[in-house]
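As provided, work36.cif (mmCIF, C-alpha atoms and all ligand atoms) reads as follows.
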```cif
data_data
loop_
_atom_site.label_atom_id
_atom_site.label_comp_id
_atom_site.auth_asym_id
_atom_site.auth_seq_id
_atom_site.Cartn_x
_atom_site.Cartn_y
_atom_site.Cartn_z
CA MET A 1 9.24 -13.08 -6.39
CA ASP A 2 12.30 -10.93 -6.97
CA ASP A 3 15.39 -12.85 -5.91
CA THR A 4 16.65 -9.81 -4.00
CA ALA A 5 13.62 -9.77 -1.73
CA PRO A 6 14.11 -10.77 1.89
CA ALA A 7 12.84 -14.19 2.88
CA PRO A 8 9.46 -14.26 4.60
CA ALA A 9 9.67 -13.75 8.34
CA PRO A 10 9.25 -17.11 10.03
CA GLY A 11 6.05 -17.41 11.97
CA ALA A 12 4.55 -14.25 10.48
CA GLY A 13 1.56 -16.40 9.69
CA ALA A 14 -0.38 -15.72 6.46
CA SER A 15 -2.77 -18.62 6.21
CA ALA A 16 -2.52 -21.09 3.37
CA ALA A 17 -6.31 -20.97 3.36
CA THR A 18 -6.33 -17.36 2.20
CA PRO A 19 -7.47 -16.75 -1.36
CA ALA A 20 -4.65 -16.48 -3.84
CA GLY A 21 -3.89 -16.37 -7.51
CA HIS A 22 -5.68 -13.18 -8.50
CA GLU A 23 -3.92 -10.71 -10.76
CA LEU A 24 -4.67 -7.01 -10.19
CA VAL A 25 -5.06 -4.94 -13.33
CA VAL A 26 -5.67 -1.20 -13.39
CA GLU A 27 -6.43 0.30 -16.79
CA GLY A 28 -6.56 3.98 -17.68
CA LEU A 29 -7.66 4.99 -14.20
CA ARG A 30 -8.59 8.63 -13.75
CA ALA A 31 -9.95 9.82 -10.41
CA GLY A 32 -10.14 13.04 -8.48
CA TYR A 33 -12.15 15.65 -6.70
CA PRO A 34 -14.21 18.62 -7.85
CA GLY A 35 -11.86 20.79 -9.88
CA GLN A 36 -8.88 18.47 -9.54
CA LEU A 37 -7.90 15.25 -11.26
CA ALA A 38 -5.61 13.52 -8.74
CA VAL A 39 -5.00 10.33 -10.76
CA ARG A 40 -4.64 11.19 -14.42
CA GLY A 41 -4.51 7.88 -16.25
CA VAL A 42 -2.79 5.05 -14.42
CA ASP A 43 -2.13 1.59 -15.85
CA LEU A 44 -0.81 -1.12 -13.57
CA THR A 45 -0.58 -4.88 -13.73
CA VAL A 46 0.38 -6.78 -10.59
CA PRO A 47 0.67 -10.56 -10.83
CA ALA A 48 -0.54 -12.59 -7.86
CA GLY A 49 2.02 -13.11 -5.14
CA ARG A 50 3.89 -9.86 -5.65
CA VAL A 51 4.60 -6.89 -3.40
CA VAL A 52 4.37 -3.51 -5.09
CA ALA A 53 5.40 -0.27 -3.40
CA VAL A 54 3.92 2.97 -4.67
CA VAL A 55 6.18 5.93 -3.97
CA GLY A 56 6.05 9.60 -4.80
CA PRO A 57 5.78 13.06 -3.28
CA ASN A 58 2.96 14.26 -1.07
CA GLY A 59 -0.20 14.95 -3.00
CA CYS A 60 0.78 13.03 -6.14
CA GLY A 61 -2.31 10.80 -5.99
CA LYS A 62 -1.14 7.62 -4.23
CA SER A 63 -3.99 7.42 -1.71
CA THR A 64 -6.58 8.34 -4.29
CA LEU A 65 -5.29 5.52 -6.50
CA LEU A 66 -5.56 3.00 -3.65
CA ARG A 67 -9.05 4.17 -2.73
CA ALA A 68 -10.21 3.87 -6.33
CA VAL A 69 -8.77 0.35 -6.54
CA ALA A 70 -10.56 -0.56 -3.29
CA ARG A 71 -13.90 0.68 -4.64
CA LEU A 72 -14.05 3.49 -2.10
CA HIS A 73 -13.52 6.42 -4.46
CA LYS A 74 -15.39 6.33 -7.75
CA PRO A 75 -13.09 6.95 -10.69
CA GLU A 76 -14.04 9.20 -13.57
CA SER A 77 -12.94 6.52 -16.00
CA GLY A 78 -10.88 3.38 -16.26
CA ARG A 79 -11.15 -0.13 -14.90
CA VAL A 80 -9.94 -2.10 -11.91
CA ARG A 81 -9.89 -5.86 -12.31
CA VAL A 82 -9.06 -8.53 -9.73
CA GLY A 83 -8.90 -11.90 -11.42
CA ASP A 84 -11.87 -11.90 -13.79
CA ALA A 85 -13.97 -9.47 -11.73
CA ASP A 86 -14.33 -5.77 -12.51
CA ILE A 87 -14.30 -4.23 -9.03
CA TRP A 88 -16.55 -1.35 -9.95
CA GLN A 89 -19.17 -3.69 -11.43
CA LEU A 90 -19.45 -5.58 -8.14
CA LYS A 91 -21.52 -4.78 -5.08
CA GLN A 92 -19.52 -3.35 -2.17
CA ARG A 93 -19.66 -6.62 -0.25
CA GLN A 94 -18.50 -8.66 -3.25
CA ALA A 95 -15.65 -6.23 -3.85
CA ALA A 96 -14.66 -6.57 -0.20
CA HIS A 97 -14.08 -10.26 -0.82
CA ARG A 98 -11.40 -9.33 -3.32
CA VAL A 99 -9.74 -6.14 -2.10
CA ALA A 100 -9.01 -4.87 1.42
CA LEU A 101 -7.56 -1.44 2.18
CA LEU A 102 -5.71 -0.18 5.23
CA PRO A 103 -6.31 3.57 4.81
CA GLN A 104 -3.94 6.29 5.95
CA SER A 105 -6.14 7.52 8.82
CA PRO A 106 -8.74 4.88 9.62
CA GLN A 107 -11.59 5.90 11.92
CA PRO A 108 -12.37 3.31 14.61
CA PRO A 109 -15.85 2.50 15.88
CA GLU A 110 -16.28 4.00 19.35
CA ALA A 111 -14.89 2.04 22.32
CA VAL A 112 -14.09 -0.99 20.20
CA THR A 113 -11.72 -3.64 21.52
CA VAL A 114 -8.86 -4.96 19.45
CA ALA A 115 -10.62 -8.29 18.92
CA GLY A 116 -13.81 -6.45 18.04
CA LEU A 117 -11.98 -4.37 15.46
CA VAL A 118 -10.34 -7.37 13.85
CA ARG A 119 -13.72 -9.12 13.69
CA TYR A 120 -14.92 -6.24 11.51
CA GLY A 121 -12.57 -7.65 8.91
CA ARG A 122 -14.89 -10.64 8.66
CA HIS A 123 -18.01 -8.54 7.90
CA PRO A 124 -17.91 -9.16 4.14
CA HIS A 125 -18.04 -12.88 4.94
CA GLN A 126 -21.17 -12.56 7.08
CA GLY A 127 -24.72 -12.50 5.82
CA LEU A 128 -28.29 -13.51 6.49
CA PHE A 129 -27.48 -17.16 6.00
CA ARG A 130 -23.88 -17.07 7.08
CA GLN A 131 -23.34 -16.63 10.79
CA TRP A 132 -20.07 -16.29 12.67
CA SER A 133 -18.10 -19.50 12.18
CA ARG A 134 -14.97 -21.33 13.24
CA GLU A 135 -13.47 -20.17 9.96
CA ASP A 136 -14.04 -16.55 11.03
CA GLU A 137 -12.55 -17.31 14.43
CA ARG A 138 -9.48 -18.84 12.79
CA ALA A 139 -9.00 -15.86 10.47
CA VAL A 140 -9.21 -13.41 13.39
CA ARG A 141 -6.83 -15.45 15.53
CA GLU A 142 -4.28 -15.78 12.73
CA ALA A 143 -4.43 -12.08 11.91
CA LEU A 144 -3.96 -11.13 15.58
CA GLU A 145 -0.95 -13.44 15.82
CA ALA A 146 0.59 -12.41 12.50
CA THR A 147 0.58 -8.75 13.51
CA GLY A 148 1.79 -9.42 17.06
CA VAL A 149 -1.28 -7.99 18.81
CA ALA A 150 -2.88 -11.18 20.15
CA ALA A 151 -1.92 -10.16 23.69
CA LEU A 152 -3.86 -6.91 23.21
CA ALA A 153 -7.07 -8.60 22.00
CA GLY A 154 -9.17 -7.59 25.03
CA ARG A 155 -7.86 -4.01 25.23
CA ARG A 156 -9.74 -0.98 23.96
CA LEU A 157 -8.26 0.37 20.73
CA ASP A 158 -8.42 3.99 21.90
CA GLN A 159 -6.23 3.13 24.88
CA LEU A 160 -3.32 1.85 22.79
CA SER A 161 -0.31 3.63 21.37
CA GLY A 162 -0.35 4.81 17.77
CA GLY A 163 1.94 1.99 16.65
CA GLN A 164 -0.10 -0.66 18.48
CA ARG A 165 -3.27 0.71 16.88
CA GLN A 166 -1.64 0.62 13.45
CA ARG A 167 -0.89 -3.09 13.83
CA CYS A 168 -4.48 -3.75 14.99
CA TRP A 169 -5.82 -2.09 11.85
CA LEU A 170 -3.46 -4.20 9.81
CA ALA A 171 -4.82 -7.29 11.58
CA MET A 172 -8.34 -6.26 10.61
CA VAL A 173 -7.34 -5.93 6.98
CA LEU A 174 -5.56 -9.30 6.97
CA ALA A 175 -8.57 -10.99 8.63
CA GLN A 176 -10.62 -9.95 5.59
CA GLU A 177 -8.56 -12.57 3.69
CA THR A 178 -8.74 -10.95 0.29
CA PRO A 179 -6.49 -11.87 -2.63
CA VAL A 180 -5.47 -8.20 -2.95
CA VAL A 181 -4.29 -6.22 0.08
CA LEU A 182 -3.74 -2.45 -0.16
CA LEU A 183 -1.78 -0.72 2.58
CA ASP A 184 -1.51 3.08 2.71
CA GLU A 185 1.65 3.93 4.67
CA PRO A 186 1.43 0.82 6.90
CA THR A 187 4.66 1.65 8.76
CA SER A 188 4.07 5.37 9.34
CA ALA A 189 3.48 5.05 13.11
CA LEU A 190 5.83 2.16 13.77
CA ASP A 191 9.23 1.99 15.42
CA MET A 192 12.02 0.40 13.40
CA GLY A 193 11.51 -3.07 14.88
CA HIS A 194 7.79 -3.16 14.22
CA ALA A 195 8.24 -1.56 10.80
CA VAL A 196 10.59 -4.37 9.82
CA GLU A 197 8.07 -6.92 11.14
CA VAL A 198 5.21 -5.41 9.16
CA LEU A 199 7.29 -5.20 5.98
CA GLY A 200 8.37 -8.82 6.50
CA LEU A 201 4.72 -9.70 6.92
CA THR A 202 3.93 -8.24 3.50
CA ARG A 203 6.42 -10.75 2.04
CA GLU A 204 4.74 -13.55 3.96
CA VAL A 205 1.33 -12.51 2.67
CA ALA A 206 2.68 -12.43 -0.89
CA ALA A 207 4.38 -15.80 -0.43
CA ALA A 208 0.92 -17.22 0.30
CA GLY A 209 -0.11 -16.05 -3.20
CA ARG A 210 -1.85 -12.82 -2.26
CA THR A 211 -1.02 -9.48 -3.85
CA VAL A 212 0.17 -6.53 -1.77
CA VAL A 213 0.22 -2.94 -2.97
CA MET A 214 1.51 -0.50 -0.38
CA VAL A 215 2.27 3.18 -0.28
CA LEU A 216 5.60 3.90 1.37
CA HIS A 217 7.57 7.10 1.81
CA ASP A 218 10.78 5.37 2.84
CA LEU A 219 12.46 4.57 -0.47
CA ALA A 220 15.00 2.22 1.09
CA SER A 221 12.27 0.07 2.63
CA ALA A 222 10.26 0.21 -0.57
CA ALA A 223 13.31 -0.91 -2.55
CA ARG A 224 14.17 -3.65 -0.08
CA TYR A 225 10.76 -5.24 0.36
CA ALA A 226 8.93 -4.67 -2.92
CA ASP A 227 9.30 -6.75 -6.06
CA THR A 228 8.22 -3.72 -8.06
CA LEU A 229 8.34 0.00 -7.39
CA VAL A 230 5.76 2.26 -8.94
CA ALA A 231 6.84 5.89 -8.86
CA MET A 232 4.07 8.44 -9.18
CA ASN A 233 4.24 12.15 -9.78
CA ASP A 234 1.41 14.55 -10.44
CA GLY A 235 -1.18 11.81 -10.87
CA LEU A 236 0.85 9.72 -13.30
CA VAL A 237 3.16 6.73 -13.10
CA VAL A 238 6.56 8.09 -14.17
CA ALA A 239 8.56 4.91 -13.62
CA SER A 240 7.96 1.33 -12.63
CA GLY A 241 10.06 -1.78 -12.40
CA ALA A 242 12.45 -3.68 -10.17
CA PRO A 243 13.81 -1.25 -7.55
CA ARG A 244 17.45 -1.62 -8.58
CA ASP A 245 16.49 -0.91 -12.20
CA ILE A 246 14.63 2.32 -11.60
CA VAL A 247 15.92 3.98 -8.42
CA ASP A 248 18.60 6.44 -9.43
CA ALA A 249 19.56 10.03 -8.71
CA GLN A 250 17.51 11.28 -11.64
CA LEU A 251 14.32 9.67 -10.34
CA VAL A 252 14.86 11.00 -6.81
CA LYS A 253 15.42 14.49 -8.21
CA GLU A 254 12.35 14.22 -10.38
CA LEU A 255 10.10 13.02 -7.57
CA TYR A 256 11.35 15.04 -4.63
CA GLY A 257 13.56 17.79 -6.06
CA VAL A 258 16.43 16.43 -3.98
CA ASP A 259 20.01 15.67 -5.01
CA ALA A 260 20.99 12.27 -3.69
CA ASP A 261 23.55 9.51 -3.91
CA ILE A 262 22.29 5.98 -4.46
CA LEU A 263 24.29 3.30 -2.67
CA PRO A 264 23.86 -0.47 -2.73
CA ALA A 265 22.71 -1.86 0.61
CA PRO A 266 25.10 -4.30 2.21
CA GLY A 267 23.83 -7.81 1.64
CA ASP A 268 21.14 -7.67 -1.02
CA GLY A 269 22.45 -4.62 -2.92
CA SER A 270 19.05 -2.93 -2.97
CA PRO A 271 19.30 0.82 -3.59
CA VAL A 272 19.61 3.12 -0.58
CA VAL A 273 18.98 6.81 -1.18
CA VAL A 274 21.26 9.21 0.67
CA PRO A 275 19.95 12.75 0.21
CA ALA A 276 22.43 15.58 -0.01
CA ALA A 277 22.28 17.97 2.93
CA ARG A 278 20.33 21.10 2.11
CA THR A 279 20.22 24.43 3.84
CA ALA A 280 17.02 26.37 4.32
CA THR A 281 17.98 28.82 1.57
CA ASP A 282 18.81 26.22 -1.07
CA ARG A 283 15.32 25.84 -2.32
CA PRO A 284 12.04 27.50 -1.42
CA GLY A 285 9.29 25.10 -0.35
CA THR A 286 7.07 23.88 -3.13
CA ASP A 287 3.95 21.81 -3.18
CA ARG A 288 5.38 18.51 -4.31
CA GLY A 289 1.98 17.64 -5.76
CA GLN A 290 2.44 20.25 -8.45
CA PRO A 291 4.83 19.62 -11.34
CA ASP A 292 7.85 21.93 -11.43
CA ALA A 293 8.94 23.22 -14.78
CA ASP A 294 12.47 21.98 -14.14
CA ARG A 295 11.27 18.47 -13.32
CA GLY A 296 9.64 18.23 -16.73
CA GLN A 297 8.95 14.75 -18.04
CA ALA A 298 12.25 13.14 -17.15
CA GLY A 299 11.77 9.53 -16.31
CA THR A 300 8.82 8.90 -18.58
CA ASN A 301 11.13 6.79 -20.71
CA ARG A 302 11.45 4.28 -17.91
CA GLY A 303 9.50 1.04 -17.69
CA ARG A 304 5.81 1.67 -17.50
CA ALA A 305 3.65 -0.41 -15.20
CA GLY A 306 1.81 -3.08 -17.01
N1 LIG A 401 -11.14 14.79 -0.11
C1 LIG A 401 -10.45 15.54 -0.96
N2 LIG A 401 -11.03 16.62 -1.54
C2 LIG A 401 -10.35 17.38 -2.43
N3 LIG A 401 -9.09 17.16 -2.81
C3 LIG A 401 -8.46 16.10 -2.27
C4 LIG A 401 -9.10 15.23 -1.33
N4 LIG A 401 -8.23 14.27 -0.98
C5 LIG A 401 -7.09 14.51 -1.66
N5 LIG A 401 -7.22 15.61 -2.43
C6 LIG A 401 -6.20 16.18 -3.33
O1 LIG A 401 -5.88 15.21 -4.31
C7 LIG A 401 -4.49 15.20 -4.55
C8 LIG A 401 -3.96 13.80 -4.32
O2 LIG A 401 -4.13 13.47 -2.95
P1 LIG A 401 -3.71 12.06 -2.38
O3 LIG A 401 -4.15 12.00 -0.96
O4 LIG A 401 -4.17 11.01 -3.30
O5 LIG A 401 -2.12 12.17 -2.47
P2 LIG A 401 -0.97 11.27 -1.82
O6 LIG A 401 0.03 11.03 -2.90
O7 LIG A 401 -1.57 10.08 -1.16
O8 LIG A 401 -0.36 12.26 -0.74
P3 LIG A 401 0.38 11.98 0.66
O9 LIG A 401 1.71 11.37 0.35
O10 LIG A 401 0.52 13.37 1.23
O11 LIG A 401 -0.51 11.11 1.50
C9 LIG A 401 -3.86 16.24 -3.63
O12 LIG A 401 -3.63 17.42 -4.38
C10 LIG A 401 -4.91 16.48 -2.59
O13 LIG A 401 -4.89 17.80 -2.12
#
```
In structure tokens, what does this structure look like?
Ligand SMILES: Nc1ncnc2c1ncn2[C@@H]1O[C@H](COP(=O)(O)OP(=O)(O)OP(=O)(O)O)[C@@H](O)[C@H]1O
Amino acid sequence: MDDTAPAPAPGAGASAATPAGHELVVEGLRAGYPGQLAVRGVDLTVPAGRVVAVVGPNGCGKSTLLRAVARLHKPESGRVRVGDADIWQLKQRQAAHRVALLPQSPQPPEAVTVAGLVRYGRHPHQGLFRQWSREDERAVREALEATGVAALAGRRLDQLSGGQRQRCWLAMVLAQETPVVLLDEPTSALDMGHAVEVLGLTREVAAAGRTVVMVLHDLASAARYADTLVAMNDGLVVASGAPRDIVDAQLVKELYGVDADILPAPGDGSPVVVPAARTATDRPGTDRGQPDADRGQAGTNRGRAG
């Protein structure tokens, strides 16, 4: 763990019984959609027990990368390995023992309760000869408590606020008890207090030996809570490394086309990005998923993932 990372939140509750010790390795991953390659050759190695934040502009391929790692979006080429298992060589259920994904816009089953949703996280552990067990009950209870939604267990998901729902989905993913946890914008619907709790929880999960890869748009949070930042642009990793080593004005300009000052946060000194004010006429809107000529290849000399 990076020594600048905040200490795990007390009582945030990742179980010692959860599987740990699995390295995640992504090699030469290329994935996309008809007529568009969204991920154009990504290499990534994440040791067990680390938190990685993937950052980058809208449309640069972050979600596609996570979905390909979670065996939900078939890549054109490349490999995803968790421990000694090639995820794309496994059956869906076997893969779901190794990788869990909280997607950006998950679709709930109709009229499901919070407890019912979190129990879905145990589906990969069920089978013909494996019925619901005390172990499943424990995993569900711990996930509900860790995400602060135990009091909502009997409520219907569709009658909760967006932020409450977000934490319930997170509980479902944690209940799956996989060595690798992928979170696509896990704090997007959360107020500051709950965002801090969820980010602290990622540290707790990692401290239990699991691996967390999350997409975040808030660079300050990414820098504060992640051991490693992976910056993507136009389907490629353009920089990766410890946040304080790679977050600078040049990277922010390259990723977002924004001039910014980088200040050390009080306390841990992690980089805080302060964007320069911009008027509407400063710069016409661009699709940040497309490379600008003036952004070029700056930053490709930084540390590559892996
Ligand atoms: N289902 C789809 N069909 C076709 N193209 C898609 C589909 N999903 C994503 N894309 C395209 O693939 C590219 C990468 O999308 P992706 O969702 O991976 O980006 P992202 O970095 O996660 O973006 P954001 O920050 O906005 O969530 C984008 O250009 C997007 O338009």
*Mind giving me the straight-line distance from CA of Arg156 (chain A) to CA of Ser105 (chain A) in Å, one decimal?*
17.7 Å
*May I ask you to write as number ranges by chain all residues lying at most 6 Å from ligand LIG 401 (chain A), with all atoms listed in the file counted?*
A: 33, 38, 57-64, 289
Just write the chosen residues, C-alpha atoms, as an mmCIF file, in the frame of the given file.
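out_15.cif, freshly written:
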```cif
data_model
loop_
_atom_site.group_PDB
_atom_site.id
_atom_site.type_symbol
_atom_site.label_atom_id
_atom_site.label_comp_id
_atom_site.auth_asym_id
_atom_site.auth_seq_id
_atom_site.Cartn_x
_atom_site.Cartn_y
_atom_site.Cartn_z
ATOM 1 C CA TYR A 33 -12.150 15.650 -6.700
ATOM 2 C CA ALA A 38 -5.610 13.520 -8.740
ATOM 3 C CA PRO A 57 5.780 13.060 -3.280
ATOM 4 C CA ASN A 58 2.960 14.260 -1.070
ATOM 5 C CA GLY A 59 -0.200 14.950 -3.000
ATOM 6 C CA CYS A 60 0.780 13.030 -6.140
ATOM 7 C CA GLY A 61 -2.310 10.800 -5.990
ATOM 8 C CA LYS A 62 -1.140 7.620 -4.230
ATOM 9 C CA SER A 63 -3.990 7.420 -1.710
ATOM 10 C CA THR A 64 -6.580 8.340 -4.290
ATOM 11 C CA GLY A 289 1.980 17.640 -5.760
#
```
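Across the structure, CA of Met214 (chain A) and CA of Gly269 (chain A) are spaced 21.5 Å apart.
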*asked:* Neighbouring residues of Leu263 (chain A) were defined as those with any atom within 7 Å, considering only C-alpha atoms; residues of the same chain fewer than 4 positions away were excluded. Please report them as a list in words.
replied: Pro271, Val272 and Val273 of chain A
Preceding selection exported with C-alpha atoms as a PDB file, keeping the file's coordinate frame:
```pdb
ATOM      1  CA  PRO A 271      19.300   0.820  -3.590  1.00  0.00           C
ATOM      2  CA  VAL A 272      19.610   3.120  -0.580  1.00  0.00           C
ATOM      3  CA  VAL A 273      18.980   6.810  -1.180  1.00  0.00           C
TER       4      VAL A 273
END
```
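Ranking A:Gln92, A:Ala171, A:Gly83, A:His97 by their shortest atom-to-atom distance to Gly116 (chain A), with only C-alpha atoms included, puts A:Ala171 first.
Of the listed residues (A:Arg122, A:His22, A:Arg40, A:Arg203), A:Arg40 comes nearest to Met232 (chain A); the distances count only C-alpha atoms.
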Show which residues sit within 12 Å of Arg81 (chain A), as a CSV table (one decimal) with C-alpha atoms, keeping the file's coordinate frame. Count only C-alpha atoms, and ignore same-chain residues fewer than 6 positions away.
```
chain,number,residue,atom,x,y,z
A,22,HIS,CA,-5.7,-13.2,-8.5
A,23,GLU,CA,-3.9,-10.7,-10.8
A,24,LEU,CA,-4.7,-7.0,-10.2
A,25,VAL,CA,-5.1,-4.9,-13.3
A,26,VAL,CA,-5.7,-1.2,-13.4
A,27,GLU,CA,-6.4,0.3,-16.8
A,28,GLY,CA,-6.6,4.0,-17.7
A,29,LEU,CA,-7.7,5.0,-14.2
A,43,ASP,CA,-2.1,1.6,-15.8
A,44,LEU,CA,-0.8,-1.1,-13.6
A,45,THR,CA,-0.6,-4.9,-13.7
A,46,VAL,CA,0.4,-6.8,-10.6
A,47,PRO,CA,0.7,-10.6,-10.8
A,68,ALA,CA,-10.2,3.9,-6.3
A,69,VAL,CA,-8.8,0.4,-6.5
A,70,ALA,CA,-10.6,-0.6,-3.3
A,71,ARG,CA,-13.9,0.7,-4.6
A,87,ILE,CA,-14.3,-4.2,-9.0
A,88,TRP,CA,-16.6,-1.4,-10.0
A,89,GLN,CA,-19.2,-3.7,-11.4
A,90,LEU,CA,-19.4,-5.6,-8.1
A,95,ALA,CA,-15.6,-6.2,-3.8
A,98,ARG,CA,-11.4,-9.3,-3.3
A,99,VAL,CA,-9.7,-6.1,-2.1
A,179,PRO,CA,-6.5,-11.9,-2.6
A,180,VAL,CA,-5.5,-8.2,-3.0
```
*If you measure from CA of Gly49 (chain A) to CA of Ala226 (chain A), what distance in Å do you get, rounded to one decimal?*
11.1 Å
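Between Gly78 (chain A) and the candidates A:Val55, A:Ala31, A:Leu251, A:Leu66, the tightest atom-to-atom separation, counting only C-alpha atoms, involves A:Ala31.
For the residues A:Tyr225, A:Ala206, A:Val258, A:Val118, ranking by smallest atom-to-atom distance to Leu152 (chain A) using all atoms listed in the file places A:Val118 first.
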_Which residues are near region 106-113 of chain A? Cut-off 6 Å, all atoms listed in the file, ignore same chain within fewer than 4 positions. Put them as number ranges by chain._
A: 154-157
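Nearest to Glu137 (chain A) of all the residues A:Leu102, A:Val213, A:Val205, A:Ala175 is A:Ala175, based on only C-alpha atoms.
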For Thr228 (chain A), work out the shell of residues within 10 Å, counting only C-alpha atoms and skipping chain neighbours fewer than 3 positions away, then give it as a tab-separated table (two decimals) with C-alpha atoms, in the coordinates of the input.
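Printed below is out_4.tsv as written:
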```
chain	number	residue	atom	x	y	z
A	1	MET	CA	9.24	-13.08	-6.39
A	2	ASP	CA	12.30	-10.93	-6.97
A	46	VAL	CA	0.38	-6.78	-10.59
A	50	ARG	CA	3.89	-9.86	-5.65
A	51	VAL	CA	4.60	-6.89	-3.40
A	52	VAL	CA	4.37	-3.51	-5.09
A	53	ALA	CA	5.40	-0.27	-3.40
A	54	VAL	CA	3.92	2.97	-4.67
A	213	VAL	CA	0.22	-2.94	-2.97
A	222	ALA	CA	10.26	0.21	-0.57
A	223	ALA	CA	13.31	-0.91	-2.55
A	224	ARG	CA	14.17	-3.65	-0.08
A	225	TYR	CA	10.76	-5.24	0.36
A	231	ALA	CA	6.84	5.89	-8.86
A	240	SER	CA	7.96	1.33	-12.63
A	241	GLY	CA	10.06	-1.78	-12.40
A	242	ALA	CA	12.45	-3.68	-10.17
A	243	PRO	CA	13.81	-1.25	-7.55
A	244	ARG	CA	17.45	-1.62	-8.58
A	245	ASP	CA	16.49	-0.91	-12.20
A	246	ILE	CA	14.63	2.32	-11.60
A	305	ALA	CA	3.65	-0.41	-15.20
```
*Please identify all polymer residues within 8 Å of region 186-198 of chain A, counting all atoms listed in the file, omitting same-chain residues fewer than 5 positions from it, and present them as number ranges by chain.*
A: 9, 102, 104, 147, 162-163, 166, 170, 214-216
*Check the smallest atom-to-atom distance from each of A:Val247, A:Ala208, A:Leu183, A:Leu65 to Val80 (chain A) using all atoms listed in the file, then report the winner.*
A:Leu65
